[in-house]
Structure formats: C-alpha cells, structure tokens
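K.L.:
Here you go, model_23.csv (CSV, C-alpha atoms):
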```csv
chain,number,residue,atom,x,y,z
A,1,MET,CA,22.7,7.7,0.2
A,2,LEU,CA,21.9,7.7,-3.5
A,3,ARG,CA,20.7,11.0,-5.1
A,4,ILE,CA,18.3,10.3,-7.9
A,5,GLY,CA,17.2,13.1,-10.3
A,6,ILE,CA,13.8,12.9,-11.9
A,7,ILE,CA,14.3,14.9,-15.1
A,8,VAL,CA,11.3,16.7,-16.6
A,9,GLY,CA,12.0,16.2,-20.3
A,10,SER,CA,9.6,18.6,-21.8
A,11,THR,CA,9.5,22.4,-21.8
A,12,ARG,CA,6.3,22.9,-23.9
A,13,PRO,CA,3.4,25.0,-22.7
A,14,GLY,CA,0.6,22.7,-21.3
A,15,ARG,CA,3.0,19.9,-20.7
A,16,LYS,CA,2.1,17.0,-18.4
A,17,ALA,CA,5.7,15.8,-17.7
A,18,ARG,CA,6.1,18.0,-14.6
A,19,ALA,CA,3.0,16.5,-12.9
A,20,ILE,CA,4.2,13.0,-13.7
A,21,ALA,CA,7.7,13.8,-12.4
A,22,GLU,CA,6.1,15.0,-9.1
A,23,TRP,CA,4.1,11.8,-8.9
A,24,VAL,CA,7.3,9.7,-9.4
A,25,HIS,CA,9.0,11.9,-6.7
A,26,GLY,CA,6.1,11.0,-4.3
A,27,GLN,CA,6.5,7.3,-5.0
A,28,GLY,CA,10.2,7.4,-4.0
A,29,ALA,CA,10.0,9.9,-1.2
A,30,GLY,CA,9.5,7.2,1.5
A,31,ARG,CA,12.6,5.2,0.5
A,32,PRO,CA,15.3,5.2,3.2
A,33,ASP,CA,18.1,4.4,0.8
A,34,ALA,CA,17.7,7.2,-1.7
A,35,LYS,CA,16.9,10.9,-2.0
A,36,PHE,CA,14.8,11.9,-5.0
A,37,GLU,CA,14.6,15.4,-6.5
A,38,VAL,CA,12.8,16.9,-9.5
A,39,VAL,CA,15.1,18.5,-12.1
A,40,ASP,CA,13.1,20.6,-14.6
A,41,LEU,CA,14.6,21.4,-18.0
A,42,ALA,CA,12.5,24.5,-18.1
A,43,ASP,CA,14.5,26.0,-15.2
A,44,TYR,CA,17.8,25.9,-17.2
A,45,ASP,CA,17.0,27.6,-20.5
A,46,LEU,CA,19.2,25.1,-22.3
A,47,ALA,CA,19.7,25.7,-26.1
A,48,HIS,CA,20.1,22.9,-28.6
A,49,LEU,CA,23.8,22.3,-29.7
A,50,ASP,CA,25.0,25.7,-28.6
A,51,GLU,CA,28.3,24.6,-27.0
A,52,PRO,CA,31.3,24.5,-29.4
A,53,ILE,CA,33.2,21.8,-27.5
A,54,PRO,CA,31.8,18.3,-26.8
A,55,ALA,CA,30.4,17.9,-23.3
A,56,VAL,CA,32.9,15.1,-22.4
A,57,PHE,CA,35.5,17.8,-21.9
A,58,GLY,CA,33.5,19.8,-19.4
A,59,GLN,CA,34.6,23.1,-21.0
A,60,TYR,CA,31.3,25.0,-21.2
A,61,SER,CA,31.1,28.5,-22.5
A,62,HIS,CA,27.5,29.3,-21.4
A,63,ASP,CA,26.2,29.9,-17.9
A,64,HIS,CA,23.1,27.8,-18.5
A,65,THR,CA,25.2,24.8,-19.5
A,66,ARG,CA,27.4,25.2,-16.4
A,67,ALA,CA,24.4,25.4,-14.1
A,68,TRP,CA,22.9,22.2,-15.7
A,69,SER,CA,26.2,20.4,-15.4
A,70,ALA,CA,26.6,21.3,-11.8
A,71,THR,CA,23.1,19.9,-11.0
A,72,ILE,CA,23.5,16.7,-13.0
A,73,SER,CA,27.0,16.1,-11.7
A,74,GLY,CA,25.7,15.9,-8.1
A,75,LEU,CA,23.3,13.1,-9.0
A,76,ASP,CA,23.9,9.4,-9.0
A,77,ALA,CA,21.1,8.2,-11.2
A,78,PHE,CA,18.2,9.5,-13.3
A,79,VAL,CA,14.6,8.9,-14.1
A,80,VAL,CA,13.7,10.8,-17.3
A,81,VAL,CA,10.1,11.7,-18.0
A,82,VAL,CA,9.5,12.4,-21.7
A,83,PRO,CA,6.3,13.1,-23.7
A,84,GLU,CA,5.0,10.5,-26.2
A,85,TYR,CA,4.9,11.5,-29.8
A,86,ASN,CA,3.6,9.1,-32.4
A,87,HIS,CA,4.3,6.1,-30.2
A,88,SER,CA,7.9,7.2,-29.5
A,89,PHE,CA,9.9,10.1,-28.0
A,90,ASP,CA,8.8,13.6,-28.6
A,91,GLU,CA,9.8,15.1,-32.0
A,92,ALA,CA,12.8,17.1,-30.7
A,93,ALA,CA,14.3,14.1,-28.9
A,94,ASN,CA,13.6,11.8,-31.9
A,95,ALA,CA,14.9,14.0,-34.7
A,96,THR,CA,17.0,12.1,-37.1
A,97,CYS,CA,19.3,12.9,-40.1
A,98,LEU,CA,20.8,10.3,-42.2
A,99,VAL,CA,24.1,11.2,-43.9
A,100,GLY,CA,25.1,9.1,-46.9
A,101,VAL,CA,28.6,9.0,-48.2
A,102,ARG,CA,29.2,7.2,-51.4
A,103,ARG,CA,32.9,6.4,-52.3
A,104,PRO,CA,33.4,4.8,-55.7
A,105,LEU,CA,36.6,2.8,-56.4
A,106,GLU,CA,38.9,3.4,-59.4
A,107,ARG,CA,38.3,-0.2,-60.3
A,108,PRO,CA,36.4,-3.0,-58.6
A,109,ASP,CA,38.4,-4.6,-55.8
A,110,PRO,CA,37.0,-6.2,-52.6
A,111,GLU,CA,40.3,-5.6,-50.7
A,112,THR,CA,40.1,-1.8,-51.4
A,113,GLN,CA,36.5,-1.8,-50.1
A,114,ARG,CA,37.6,-3.4,-46.9
A,115,ALA,CA,40.6,-1.1,-46.6
A,116,ARG,CA,38.3,2.0,-46.9
A,117,VAL,CA,35.9,0.7,-44.2
A,118,GLY,CA,38.9,-0.2,-42.0
A,119,THR,CA,40.4,3.3,-42.1
A,120,VAL,CA,37.1,4.9,-41.3
A,121,LEU,CA,36.6,2.6,-38.3
A,122,THR,CA,40.2,3.4,-37.2
A,123,ALA,CA,39.5,7.1,-37.4
A,124,LEU,CA,36.3,6.8,-35.4
A,125,GLY,CA,38.2,5.0,-32.7
A,126,ALA,CA,41.0,7.6,-32.7
A,127,ASP,CA,38.6,10.5,-32.0
A,128,VAL,CA,39.0,12.0,-28.5
A,129,ALA,CA,35.3,11.6,-28.1
A,130,PRO,CA,32.4,10.4,-30.2
A,131,PRO,CA,31.1,13.2,-32.4
A,132,ARG,CA,28.2,14.8,-30.5
A,133,GLY,CA,24.9,13.8,-32.1
A,134,LEU,CA,26.3,10.7,-34.0
A,135,ARG,CA,24.0,7.8,-33.2
A,136,ALA,CA,25.3,5.1,-35.5
A,137,ALA,CA,27.3,4.4,-38.6
A,138,THR,CA,26.8,1.5,-41.0
A,139,PHE,CA,29.1,0.5,-43.9
A,140,PHE,CA,28.1,-1.3,-47.1
A,141,ALA,CA,30.3,-2.7,-49.8
A,142,SER,CA,28.5,-3.1,-53.1
A,143,ALA,CA,28.2,-6.6,-54.5
A,144,ASP,CA,30.1,-5.6,-57.7
A,145,ALA,CA,33.1,-4.4,-55.5
A,146,ALA,CA,33.0,-1.0,-57.1
A,147,THR,CA,31.6,1.2,-54.3
A,148,VAL,CA,31.6,1.7,-50.5
A,149,ILE,CA,28.7,3.5,-48.9
A,150,ASN,CA,28.6,4.8,-45.3
A,151,LEU,CA,25.2,5.6,-43.8
A,152,ALA,CA,25.6,7.6,-40.6
A,153,GLU,CA,22.6,8.4,-38.4
A,154,TRP,CA,22.8,11.8,-36.6
A,155,ALA,CA,20.4,13.4,-34.2
A,156,ASN,CA,19.8,16.1,-36.8
A,157,ALA,CA,21.5,18.0,-39.6
A,158,ASP,CA,22.8,20.7,-37.3
A,159,ALA,CA,24.8,18.1,-35.3
A,160,HIS,CA,26.5,16.9,-38.5
A,161,ARG,CA,27.3,20.4,-39.6
A,162,ALA,CA,28.7,21.2,-36.1
A,163,ALA,CA,31.0,18.2,-36.2
A,164,LEU,CA,32.5,19.4,-39.5
A,165,ALA,CA,33.1,22.9,-38.2
A,166,PRO,CA,36.8,23.9,-37.7
A,167,ALA,CA,36.5,24.6,-34.0
A,168,TYR,CA,34.6,21.4,-33.1
A,169,PHE,CA,37.4,19.8,-31.1
A,170,GLY,CA,38.8,23.2,-29.8
A,171,GLU,CA,42.0,22.8,-31.8
A,172,GLY,CA,41.1,24.4,-35.1
A,173,ALA,CA,40.1,21.0,-36.6
A,174,GLY,CA,36.7,19.5,-37.3
A,175,LEU,CA,35.6,16.0,-37.9
A,176,GLY,CA,37.6,14.7,-40.9
A,177,ASP,CA,40.7,17.0,-40.4
A,178,SER,CA,42.7,14.7,-38.1
A,179,PRO,CA,45.6,12.5,-39.5
A,180,ALA,CA,43.4,9.4,-39.0
A,181,TRP,CA,40.5,11.0,-40.9
A,182,ARG,CA,42.8,12.2,-43.7
A,183,ALA,CA,44.1,8.6,-44.1
A,184,THR,CA,40.5,7.6,-45.0
A,185,ARG,CA,40.8,9.7,-48.1
A,186,GLU,CA,44.2,8.4,-49.1
A,187,VAL,CA,43.4,4.7,-49.5
A,188,PRO,CA,45.0,3.5,-52.8
A,189,GLY,CA,42.4,2.7,-55.4
A,190,ILE,CA,39.6,5.0,-54.0
A,191,SER,CA,38.4,7.5,-56.5
A,192,PRO,CA,38.7,11.2,-55.5
A,193,GLN,CA,35.2,11.7,-56.6
A,194,TYR,CA,32.5,11.1,-53.9
A,195,ASP,CA,29.0,12.1,-53.0
A,196,VAL,CA,27.7,13.3,-49.6
A,197,ARG,CA,24.0,13.9,-49.0
A,198,ARG,CA,21.8,14.5,-45.9
A,199,TYR,CA,18.4,12.9,-45.6
A,200,GLU,CA,15.8,14.0,-43.1
A,201,LEU,CA,13.4,11.5,-41.6
A,202,VAL,CA,9.9,12.1,-42.9
A,203,GLY,CA,8.2,8.8,-42.0
A,204,ALA,CA,8.6,5.2,-40.9
A,205,VAL,CA,6.7,2.0,-41.0
A,206,GLU,CA,7.3,-0.9,-38.6
A,207,ALA,CA,7.2,-4.4,-40.0
A,208,GLY,CA,3.8,-5.9,-39.6
A,209,ALA,CA,2.3,-2.5,-38.6
A,210,ALA,CA,1.0,-1.6,-42.1
```
The structure in this file should be written as structure tokens.
P.N.:
Amino acid sequence: MLRIGIIVGSTRPGRKARAIAEWVHGQGAGRPDAKFEVVDLADYDLAHLDEPIPAVFGQYSHDHTRAWSATISGLDAFVVVVPEYNHSFDEAANATCLVGVRRPLERPDPETQRARVGTVLTALGADVAPPRGLRAATFFASADAATVINLAEWANADAHRAALAPAYFGEGAGLGDSPAWRATREVPGISPQYDVRRYELVGAVEAGAA
C-alpha cells in the first residue's frame, strides 16, 4: 500500500496550512489503496541550509535532519501544502538570488565564447551532485563576440556562498575547485579579469499584468 505524506509547508504562527493538511488527510482517509499521514515541518525544527554536505549523500550532521530524513524516506509520495504569498509560494520558499558572472575575452572570437560555455556545462555535468540551491543557469554570448555572461539563479545568496565554501563536497573543495571547474578558467583567449555580482529579487511584473 502506498504511503502518502501530506507536508505542512509553513511554520508561521497563525498558519492555516495545518488545517488544510488535515482536510486533505480526511479526503484520502477512505481510500483502500493508500495510507495518508500528516507531516508537519514545525515538528522537526529544521534550519535553512545548515548541513555542510548536500542531501543526496545522506550524510547528515544534525539530529533534526536525520529525523526528517527518516520520516520522508518511509513515504512513497507527497502532497505539499504551502501558503500563498503575492500570488506565488511564500517568501521563504520563493527567495531568489541571481548571480551574474561576466567573462571578457582577450579579443573578440565566437569560438572562444563557445569554448567557455562548453567547459562550464562540462563542469556542471561532472559535479557529483547539483549544487544545493542552484535552480537554473543561462549563458549569453555578446553579439560583438567579446564577452560571455552566465546568469545563475540560486534559492538565495546563502546557498551560493555555501557552494563556494571549501567543505561543500566534504573533500576540502568547494564549487569551482575541481579539475573540471579549473578548466573553465583556463580556456585560451579568456581574460583573467572577470566580474561576479549577486542580485536579490526585489520585484517582478508578468507580461500583460501591468
């Protein structure tokens, strides 16, 4: 029989998510093919990004993370109840940090632009696990063939900082320190000068919504 967890995705005082989760539980209680149970985040005292090693390895250093993992591992499927915030997920779940990396070339060259992007894609594919908190990465080659820009969307600035920390992968190396990542900085024709900036989301407008 399937075990389905109904996750209460809010821990705020006065939240409504628990009541909605209980309602969902009641709707599924009569099904003969599945067992439903409410899993409340408030019961686990989880902290945000406090584990030094990505979750994919299962090497947790905190009791609250181990307890959460044990509960989640015993479930086959999930229903997540999250609060609405400004027509989207709540602020904590929807936090976004955009990291822009601008790499100029020593001289304009479309082939060097493609080589730079190719080595970064190779490095991302070589990582043992996707960096925690990395949501997407987009690469742009300037029309004058003089610059490559990488725009990476992270859950928040702390996630990006954590990925750069020396102990991120548990082997004394952070994102960018592996041979594949070092190769991205050794592409012939790429200037050693570059610019990295973090941008926090402060507003958004949907097309046609203004």
K.L.:
Using all atoms listed in the file, give me every residue within 12 Å of (11.9, 9.0, -4.2) in file coordinates, as a list in words.
P.N.:
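Those within range, by chain then number, are Met1, Leu2, Arg3, Ile4, Gly5, Ile6, Ala21, Glu22, Trp23, Val24, His25, Gly26, Gln27, Gly28, Ala29, Gly30, Arg31, Pro32, Asp33, Ala34, Lys35, Phe36, Glu37, Val38, Ala77, Phe78 and Val79 of chain A.
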K.L.:
Fewer than 2 positions away in the same chain doesn't count, so skip those; otherwise give me all residues within 10 Å of Leu121 in chain A, counting only C-alpha atoms, as a ChimeraX atom specification.
P.N.:
/A:115-119,123-126,137,139,180-181,184
K.L.:
Output C-alpha atoms for every residue in the selection just made, as a PDB file, keeping the file's coordinate frame.
P.N.:
```
ATOM      1  CA  ALA A 115      40.600  -1.100 -46.600  1.00  0.00           C
ATOM      2  CA  ARG A 116      38.300   2.000 -46.900  1.00  0.00           C
ATOM      3  CA  VAL A 117      35.900   0.700 -44.200  1.00  0.00           C
ATOM      4  CA  GLY A 118      38.900  -0.200 -42.000  1.00  0.00           C
ATOM      5  CA  THR A 119      40.400   3.300 -42.100  1.00  0.00           C
ATOM      6  CA  ALA A 123      39.500   7.100 -37.400  1.00  0.00           C
ATOM      7  CA  LEU A 124      36.300   6.800 -35.400  1.00  0.00           C
ATOM      8  CA  GLY A 125      38.200   5.000 -32.700  1.00  0.00           C
ATOM      9  CA  ALA A 126      41.000   7.600 -32.700  1.00  0.00           C
ATOM     10  CA  ALA A 137      27.300   4.400 -38.600  1.00  0.00           C
ATOM     11  CA  PHE A 139      29.100   0.500 -43.900  1.00  0.00           C
ATOM     12  CA  ALA A 180      43.400   9.400 -39.000  1.00  0.00           C
ATOM     13  CA  TRP A 181      40.500  11.000 -40.900  1.00  0.00           C
ATOM     14  CA  THR A 184      40.500   7.600 -45.000  1.00  0.00           C
TER      15      THR A 184
END
```
K.L.:
Record the distance separating CA of Tyr199 in chain A and CA of Glu106 in chain A, expressed in Å with one decimal.
P.N.:
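Rounded to one decimal, the two atoms are 26.5 Å apart.
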K.L.:
In Å, how far is it from CA of His64 in chain A to CA of Val8 in chain A?
P.N.:
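Computed distance, CA of His64 in chain A to CA of Val8 in chain A, equals 16.3 Å.
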K.L.:
Using all atoms listed in the file, what table do you get, as a Markdown table, when you list each residue of range 14-58 of chain A with an atom no more than 9 Å from range 68-71 of chain A, its nearest pair of atoms, and their distance in Å rounded to one decimal, rows by chain then rising number?
P.N.:
```
| residue | atom | partner | partner_atom | distance |
| --- | --- | --- | --- | --- |
| A:Val39 | CA | A:Thr71 | CA | 8.2 |
| A:Leu41 | CA | A:Trp68 | CA | 8.6 |
| A:Tyr44 | CA | A:Trp68 | CA | 6.5 |
| A:Leu46 | CA | A:Trp68 | CA | 8.1 |
| A:Gly58 | CA | A:Ser69 | CA | 8.3 |
```
K.L.:
At a cut-off of 12 Å, using only C-alpha atoms, what residues contact Pro13 in chain A? Leave out same-chain residues fewer than 4 positions from it and give the result as a list in words.
P.N.:
Ala17, Arg18 and Ala42 of chain A
K.L.:
With only C-alpha atoms as the atoms that count, which of A:Arg102, A:Arg12, A:Arg132, A:Arg161 lies nearest to Asp195 in chain A?
P.N.:
A:Arg102
K.L.:
Using all atoms listed in the file, which of the listed residues (A:Val82, A:Arg103, A:Ala159, A:Val187) sits closest to Gly9 in chain A?
P.N.:
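With all atoms listed in the file as the atom set, the closest residue is A:Val82.
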